[in-house]
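Student: What follows is a single structure, and I will ask about it in a moment.
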Amino acid sequence: MGVTWKPHEEHGELTERSDLPDTVFALPSERKEPLTDGQHVRSAIGRFDQVIDVSDEERAQAFENIKAAAHHYGVEMSESEWEEFGRTPKTG
């Protein structure tokens with residue numbers, strides 16, 4: 001899986017989570033961890049190991065999406081692999 005994240009620049013009336021396209025989520029199939037600005041990217045990084053019921057493949061995709069969003073919004077990341085996020089990433 002590659003990067004599926006794309007920036008979502010429409011704001012204002014269209015700010016409800018249910019109105020967001022799948023492409024703004026770190027985990028698009030689960031619609032978890034929206035990456036709509038730098039604050040949300042930092043939150044996704046901090047909460048990465050708290051997400052449950054996703055496969056390692058989905059985590060790898062989420063990591064790629066977070067990296068793309070971090071680059072877009074100017075958020076620095078020191079991690080180079082998803083396994084480096086958090087103390088105890090949960091895989092199920």
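FYI, nothing fancy with the structure tokens labels: chains A, B, ... in order, residues from 1 per chain, ligands from 1 as they appear.
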If we count only C-alpha atoms and set the cut-off at 10 Å, which residues sit around His71 (chain A), ignoring sequence neighbours fewer than 5 positions away in its own chain? Please answer as a list in words.
Tutor: Gly38, Val41, Asn65, Ile66, Glu76 and Met77 of chain A
Student: So how far away is CA of Ser55 (chain A) from CA of Trp82 (chain A), in Å?
Tutor: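 Between CA of Trp82 (chain A) and CA of Ser55 (chain A) the gap is 12.1 Å.
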Student: When you count only C-alpha atoms, which of these residues is closest to Phe48 (chain A): A:Ser18, A:Ala70, A:Arg31, A:Glu83?
Tutor: A:Glu83
Student: If you count only C-alpha atoms, which residues fall within 12 Å of Asp22 (chain A), apart from same-chain ones fewer than 2 positions away, as a list in words?
Tutor: Thr4, Trp5, Lys6, Pro7, His8, Arg17, Ser18, Asp19, Leu20, Val24, Phe25, Ala26, Leu27, Pro28, Ser29, Glu30, Arg31, Lys32, Glu33, Pro34, Leu35, Thr36 and Asn65 of chain A
Student: Residues as selected, N, CA, C and O atoms, written as a PDB file, in the first residue's frame, can you do that?
Tutor:
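Wrote it out as selection_4.pdb, contents follow:
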ATOM      1  N   THR A   4      -2.169   7.243   0.499  1.00  0.00           N
ATOM      2  CA  THR A   4      -3.520   7.543   0.019  1.00  0.00           C
ATOM      3  C   THR A   4      -3.974   8.918   0.472  1.00  0.00           C
ATOM      4  O   THR A   4      -5.002   9.397   0.035  1.00  0.00           O
ATOM      5  N   TRP A   5      -3.185   9.559   1.368  1.00  0.00           N
ATOM      6  CA  TRP A   5      -3.564  10.855   1.936  1.00  0.00           C
ATOM      7  C   TRP A   5      -3.453  11.959   0.905  1.00  0.00           C
ATOM      8  O   TRP A   5      -2.514  11.995   0.102  1.00  0.00           O
ATOM      9  N   LYS A   6      -4.421  12.852   0.929  1.00  0.00           N
ATOM     10  CA  LYS A   6      -4.408  14.068   0.112  1.00  0.00           C
ATOM     11  C   LYS A   6      -4.900  15.203   0.993  1.00  0.00           C
ATOM     12  O   LYS A   6      -5.808  15.028   1.803  1.00  0.00           O
ATOM     13  N   PRO A   7      -4.310  16.397   0.839  1.00  0.00           N
ATOM     14  CA  PRO A   7      -4.749  17.523   1.677  1.00  0.00           C
ATOM     15  C   PRO A   7      -6.196  17.898   1.389  1.00  0.00           C
ATOM     16  O   PRO A   7      -6.666  17.789   0.259  1.00  0.00           O
ATOM     17  N   HIS A   8      -6.861  18.317   2.422  1.00  0.00           N
ATOM     18  CA  HIS A   8      -8.250  18.763   2.299  1.00  0.00           C
ATOM     19  C   HIS A   8      -8.288  20.210   2.764  1.00  0.00           C
ATOM     20  O   HIS A   8      -8.127  20.487   3.947  1.00  0.00           O
ATOM     21  N   ARG A  17     -16.802  15.617  10.643  1.00  0.00           N
ATOM     22  CA  ARG A  17     -16.002  14.433  10.330  1.00  0.00           C
ATOM     23  C   ARG A  17     -16.668  13.582   9.246  1.00  0.00           C
ATOM     24  O   ARG A  17     -16.001  13.060   8.365  1.00  0.00           O
ATOM     25  N   SER A  18     -17.975  13.467   9.311  1.00  0.00           N
ATOM     26  CA  SER A  18     -18.686  12.640   8.330  1.00  0.00           C
ATOM     27  C   SER A  18     -18.627  13.227   6.920  1.00  0.00           C
ATOM     28  O   SER A  18     -18.824  12.507   5.949  1.00  0.00           O
ATOM     29  N   ASP A  19     -18.338  14.520   6.809  1.00  0.00           N
ATOM     30  CA  ASP A  19     -18.247  15.157   5.499  1.00  0.00           C
ATOM     31  C   ASP A  19     -16.851  15.054   4.884  1.00  0.00           C
ATOM     32  O   ASP A  19     -16.681  15.375   3.709  1.00  0.00           O
ATOM     33  N   LEU A  20     -15.880  14.636   5.654  1.00  0.00           N
ATOM     34  CA  LEU A  20     -14.511  14.560   5.154  1.00  0.00           C
ATOM     35  C   LEU A  20     -14.341  13.365   4.222  1.00  0.00           C
ATOM     36  O   LEU A  20     -14.881  12.287   4.476  1.00  0.00           O
ATOM     37  N   VAL A  24      -8.369  11.979   3.656  1.00  0.00           N
ATOM     38  CA  VAL A  24      -7.734  12.802   4.692  1.00  0.00           C
ATOM     39  C   VAL A  24      -7.428  12.007   5.958  1.00  0.00           C
ATOM     40  O   VAL A  24      -6.858  12.555   6.889  1.00  0.00           O
ATOM     41  N   PHE A  25      -7.747  10.735   5.993  1.00  0.00           N
ATOM     42  CA  PHE A  25      -7.529   9.923   7.183  1.00  0.00           C
ATOM     43  C   PHE A  25      -6.241   9.115   7.067  1.00  0.00           C
ATOM     44  O   PHE A  25      -5.910   8.611   5.995  1.00  0.00           O
ATOM     45  N   ALA A  26      -5.545   8.972   8.195  1.00  0.00           N
ATOM     46  CA  ALA A  26      -4.357   8.114   8.225  1.00  0.00           C
ATOM     47  C   ALA A  26      -4.755   6.674   7.923  1.00  0.00           C
ATOM     48  O   ALA A  26      -4.048   5.958   7.219  1.00  0.00           O
ATOM     49  N   LEU A  27      -5.891   6.264   8.462  1.00  0.00           N
ATOM     50  CA  LEU A  27      -6.441   4.926   8.221  1.00  0.00           C
ATOM     51  C   LEU A  27      -7.756   5.081   7.463  1.00  0.00           C
ATOM     52  O   LEU A  27      -8.834   5.100   8.053  1.00  0.00           O
ATOM     53  N   PRO A  28      -7.685   5.217   6.143  1.00  0.00           N
ATOM     54  CA  PRO A  28      -8.898   5.523   5.373  1.00  0.00           C
ATOM     55  C   PRO A  28      -9.981   4.461   5.447  1.00  0.00           C
ATOM     56  O   PRO A  28     -11.162   4.791   5.479  1.00  0.00           O
ATOM     57  N   SER A  29      -9.616   3.184   5.506  1.00  0.00           N
ATOM     58  CA  SER A  29     -10.642   2.134   5.543  1.00  0.00           C
ATOM     59  C   SER A  29     -11.416   2.162   6.856  1.00  0.00           C
ATOM     60  O   SER A  29     -12.574   1.764   6.907  1.00  0.00           O
ATOM     61  N   GLU A  30     -10.783   2.649   7.915  1.00  0.00           N
ATOM     62  CA  GLU A  30     -11.423   2.745   9.227  1.00  0.00           C
ATOM     63  C   GLU A  30     -11.924   4.164   9.514  1.00  0.00           C
ATOM     64  O   GLU A  30     -12.606   4.378  10.512  1.00  0.00           O
ATOM     65  N   ARG A  31     -11.536   5.116   8.674  1.00  0.00           N
ATOM     66  CA  ARG A  31     -11.834   6.546   8.872  1.00  0.00           C
ATOM     67  C   ARG A  31     -11.368   6.992  10.268  1.00  0.00           C
ATOM     68  O   ARG A  31     -12.070   7.670  10.999  1.00  0.00           O
ATOM     69  N   LYS A  32     -10.134   6.581  10.598  1.00  0.00           N
ATOM     70  CA  LYS A  32      -9.530   6.939  11.881  1.00  0.00           C
ATOM     71  C   LYS A  32      -8.372   7.890  11.647  1.00  0.00           C
ATOM     72  O   LYS A  32      -7.645   7.776  10.666  1.00  0.00           O
ATOM     73  N   GLU A  33      -8.173   8.807  12.579  1.00  0.00           N
ATOM     74  CA  GLU A  33      -7.077   9.761  12.588  1.00  0.00           C
ATOM     75  C   GLU A  33      -7.102  10.711  11.379  1.00  0.00           C
ATOM     76  O   GLU A  33      -6.309  10.577  10.459  1.00  0.00           O
ATOM     77  N   PRO A  34      -8.007  11.687  11.401  1.00  0.00           N
ATOM     78  CA  PRO A  34      -8.024  12.683  10.319  1.00  0.00           C
ATOM     79  C   PRO A  34      -6.746  13.515  10.348  1.00  0.00           C
ATOM     80  O   PRO A  34      -6.228  13.852  11.407  1.00  0.00           O
ATOM     81  N   LEU A  35      -6.231  13.821   9.168  1.00  0.00           N
ATOM     82  CA  LEU A  35      -4.991  14.587   9.026  1.00  0.00           C
ATOM     83  C   LEU A  35      -5.295  15.865   8.248  1.00  0.00           C
ATOM     84  O   LEU A  35      -4.876  16.035   7.110  1.00  0.00           O
ATOM     85  N   THR A  36      -6.040  16.763   8.875  1.00  0.00           N
ATOM     86  CA  THR A  36      -6.506  17.965   8.185  1.00  0.00           C
ATOM     87  C   THR A  36      -5.678  19.211   8.471  1.00  0.00           C
ATOM     88  O   THR A  36      -5.886  20.236   7.837  1.00  0.00           O
ATOM     89  N   ASN A  65       0.849   7.736   5.246  1.00  0.00           N
ATOM     90  CA  ASN A  65      -0.071   8.872   5.167  1.00  0.00           C
ATOM     91  C   ASN A  65       0.307   9.966   6.159  1.00  0.00           C
ATOM     92  O   ASN A  65       0.263  11.157   5.826  1.00  0.00           O
TER      93      ASN A  65
END
Student: Nearest to Gln39 (chain A) among A:Gln61, A:Val75, A:Val51, A:Thr23, with distances taken over only C-alpha atoms: which residue is it?
Tutor: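 The answer is A:Val75, which sits nearest to Gln39 (chain A).
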Student: Just to confirm, what's the straight-line distance from CA of Glu81 (chain A) to CA of Pro21 (chain A) in Å (one decimal)?
Tutor: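 Separating CA of Glu81 (chain A) from CA of Pro21 (chain A) is a distance of 25.7 Å.
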Student: At what distance in Å, to one decimal, does CA of Glu58 (chain A) lie from CA of Glu84 (chain A)?
Tutor: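 A separation of 15.3 Å between them.
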